[in-house]
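K.L.:
Got a structure for you, entry-v3.pdb, holding PDB, C-alpha atoms, pLDDT in the B column.
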ATOM      1  CA  MET A   1      79.073 151.071  61.686  1.00 51.00           C
ATOM      2  CA  ALA A   2      80.396 147.747  62.779  1.00 51.00           C
ATOM      3  CA  ARG A   3      80.964 146.223  66.171  1.00 51.00           C
ATOM      4  CA  ILE A   4      84.452 145.009  67.044  1.00 48.00           C
ATOM      5  CA  ASP A   5      83.546 141.410  66.174  1.00 50.00           C
ATOM      6  CA  GLU A   6      81.980 142.115  62.778  1.00 46.00           C
ATOM      7  CA  LYS A   7      83.064 143.387  59.387  1.00 52.00           C
ATOM      8  CA  GLU A   8      82.446 147.070  58.754  1.00 57.00           C
ATOM      9  CA  GLU A   9      79.548 147.535  56.331  1.00 75.00           C
ATOM     10  CA  PHE A  10      80.380 151.115  55.386  1.00 85.00           C
ATOM     11  CA  SER A  11      82.638 153.912  56.559  1.00 88.00           C
ATOM     12  CA  SER A  12      80.170 156.803  56.355  1.00 94.00           C
ATOM     13  CA  TRP A  13      76.513 156.950  57.318  1.00 96.00           C
ATOM     14  CA  LEU A  14      75.988 159.882  54.957  1.00 97.00           C
ATOM     15  CA  VAL A  15      77.547 158.159  51.947  1.00 97.00           C
ATOM     16  CA  ALA A  16      75.628 154.956  52.703  1.00 97.00           C
ATOM     17  CA  LEU A  17      72.364 156.911  53.019  1.00 97.00           C
ATOM     18  CA  LYS A  18      72.897 158.759  49.739  1.00 97.00           C
ATOM     19  CA  SER A  19      73.924 155.516  48.010  1.00 96.00           C
ATOM     20  CA  GLY A  20      70.891 153.612  49.251  1.00 96.00           C
ATOM     21  CA  LEU A  21      73.007 151.085  51.156  1.00 95.00           C
ATOM     22  CA  LEU A  22      71.312 151.344  54.558  1.00 96.00           C
ATOM     23  CA  THR A  23      69.080 148.596  55.875  1.00 96.00           C
ATOM     24  CA  GLU A  24      65.635 149.428  57.225  1.00 97.00           C
ATOM     25  CA  SER A  25      67.002 149.079  60.758  1.00 96.00           C
ATOM     26  CA  GLN A  26      69.797 151.549  60.019  1.00 96.00           C
ATOM     27  CA  LYS A  27      67.315 154.000  58.491  1.00 97.00           C
ATOM     28  CA  GLU A  28      65.203 153.642  61.641  1.00 98.00           C
ATOM     29  CA  THR A  29      68.278 154.591  63.680  1.00 96.00           C
ATOM     30  CA  LEU A  30      68.570 157.820  61.687  1.00 97.00           C
ATOM     31  CA  GLN A  31      64.837 158.453  61.957  1.00 98.00           C
ATOM     32  CA  GLN A  32      65.027 158.040  65.737  1.00 98.00           C
ATOM     33  CA  LEU A  33      67.598 160.857  65.897  1.00 97.00           C
ATOM     34  CA  VAL A  34      65.186 163.046  63.922  1.00 98.00           C
ATOM     35  CA  ASP A  35      62.253 162.038  66.135  1.00 98.00           C
ATOM     36  CA  ASP A  36      64.313 162.792  69.258  1.00 98.00           C
ATOM     37  CA  GLY A  37      65.117 166.278  67.942  1.00 98.00           C
ATOM     38  CA  LYS A  38      68.849 165.622  67.600  1.00 96.00           C
ATOM     39  CA  ALA A  39      68.686 166.190  63.832  1.00 98.00           C
ATOM     40  CA  ALA A  40      66.282 167.931  61.472  1.00 98.00           C
ATOM     41  CA  THR A  41      66.696 165.505  58.566  1.00 98.00           C
ATOM     42  CA  LEU A  42      67.992 162.007  57.877  1.00 98.00           C
ATOM     43  CA  GLU A  43      71.065 163.538  56.196  1.00 98.00           C
ATOM     44  CA  GLU A  44      71.772 165.631  59.280  1.00 98.00           C
ATOM     45  CA  ALA A  45      71.371 162.520  61.451  1.00 98.00           C
ATOM     46  CA  ALA A  46      73.837 160.673  59.209  1.00 97.00           C
ATOM     47  CA  ARG A  47      76.332 163.545  59.528  1.00 97.00           C
ATOM     48  CA  TYR A  48      75.874 163.456  63.318  1.00 95.00           C
ATOM     49  CA  LEU A  49      76.686 159.730  63.446  1.00 94.00           C
ATOM     50  CA  ASP A  50      79.697 160.247  61.155  1.00 94.00           C
ATOM     51  CA  TRP A  51      80.900 162.981  63.504  1.00 91.00           C
ATOM     52  CA  GLN A  52      80.441 160.715  66.528  1.00 89.00           C
ATOM     53  CA  ASP A  53      82.448 157.990  64.838  1.00 84.00           C
ATOM     54  CA  SER A  54      85.235 160.464  64.087  1.00 81.00           C
ATOM     55  CA  VAL A  55      85.603 161.730  67.662  1.00 79.00           C
ATOM     56  CA  ILE A  56      84.994 158.548  69.619  1.00 73.00           C
ATOM     57  CA  ASP A  57      87.578 155.849  69.043  1.00 64.00           C
ATOM     58  CA  PRO A  58      85.469 152.678  69.333  1.00 61.00           C
ATOM     59  CA  THR A  59      88.286 150.586  70.796  1.00 61.00           C
ATOM     60  CA  GLU A  60      89.257 153.208  73.366  1.00 58.00           C
ATOM     61  CA  HIS A  61      85.624 153.854  74.230  1.00 53.00           C
ATOM     62  CA  PHE A  62      84.942 150.124  74.616  1.00 56.00           C
ATOM     63  CA  TYR A  63      87.851 149.615  77.006  1.00 56.00           C
ATOM     64  CA  GLY A  64      87.375 152.918  78.831  1.00 54.00           C
ATOM     65  CA  HIS A  65      90.794 154.421  78.088  1.00 50.00           C
TER      66      HIS A  65
END
For the file at hand, write its structure as structure tokens.
P.N.:
Amino acid sequence: MARIDEKEEFSSWLVALKSGLLTESQKETLQQLVDDGKAATLEEAARYLDWQDSVIDPTEHFYGH
């Protein structure tokens, strides 16, 4: 996902993973979730990040509202 000051690269981690659009750094982010036991697979990690993005409004979260 994108920061406030940058253009969004993709709207879904899962779709980007399945489409082969993730950078090595982004894949490492998913792998870290697997390594930390928060997900069993890279696809599950991608779903987890998609879920986080759907429940946390980035602007609200950033400003603490």
K.L.:
Which residues are close to A:Val34, i.e. within 10 Å by all atoms listed in the file, leaving aside same-chain residues fewer than 5 positions away? Reply as a ChimeraX atom specification.
P.N.:
/A:28-29,39-45
K.L.:
Using Å and a single decimal, report how far atom CA of A:Ile56 sits from atom CA of A:Gly20.
P.N.:
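Rounded to one decimal, the two atoms are 25.3 Å apart.
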K.L.:
Give me, please, the distance in Å between atom CA of A:Asp50 and atom CA of A:Asp36, quoted to one decimal.
P.N.:
17.6 Å
K.L.:
Report the distance between atom CA of A:Ser11 and atom CA of A:Asp35 in Å, rounded to one decimal place.
P.N.:
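Computing it gives 23.9 Å between the two atoms.
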K.L.:
With only C-alpha atoms as the basis for distance, which of A:Gly37, A:Gln31, A:Tyr48, A:Asp53 is at the shortest distance from A:Phe10?
P.N.:
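Among the listed residues, A:Asp53 lies closest to A:Phe10.
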K.L.:
Name the residues in contact with A:Gln26 at a cut-off of 12 Å, using only C-alpha atoms, excluding same-chain residues fewer than 6 positions from it; report them as a list in words.
P.N.:
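Residues near the query, excluding close chain neighbours: Met1, Ala2, Glu9, Phe10, Trp13, Leu14, Ala16, Leu17, Gly20, Gln32, Leu33, Leu42, Ala45, Ala46 and Leu49 of chain A.
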K.L.:
Edge lengths and centre in Å to one decimal, as JSON, is what I'm after for the box along x, y and z that holds all listed atoms of stretch 20-33 of chain A once 5 Å is added on each side.
P.N.:
{"center_x": 68.9, "center_y": 154.7, "center_z": 57.6, "size_x": 18.2, "size_y": 22.3, "size_z": 26.6}
